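To keep things clear, I will list the structure first and then write my remarks on it.
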Amino acid sequence: MPRTPPDYAWHFTAGSAFAHDNGTTGTLAPVVIGDATLPTGPIVACDPFVLLGSGDAEPFAVTRARTRPS
C-alpha cells in the first residue's frame, strides 16, 4: 500500500517552530527572493545521492510560470 506523503506546508508558513535533537529551537521565516528564469529544462526534485543522473526522477508537472496576484 502506498504511503501518504507528509505535509510540508508548515515549512513555508511564517512563524512555524521546530526543535533540533539537541534541544535548540528555531522559527521559520520564508523570504521571497524573486523570480527564476530556467531556460534549460524542467525542474526535478530528488535525493541527489539516489536519483540524480539516473533518469528515474520525474519532473514537476507545472511547466510554465505562474503569475502572482497584484
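Residue numbering restarts at 1 in every chain; chains get A, B, ... in the order shown in the C-alpha cells, and ligands count up from 1 in that same order.
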- prompt: Among chain A, which ones does DSSP place in helix (DSSP H, G or I), written as a ChimeraX atom specification?
  reply: /A:9-12
Picked from region 18-67 of chain A by DSSP as strand (DSSP E or B), as JSON, numbers by chain: {"A": [18, 19, 25, 26, 27]}
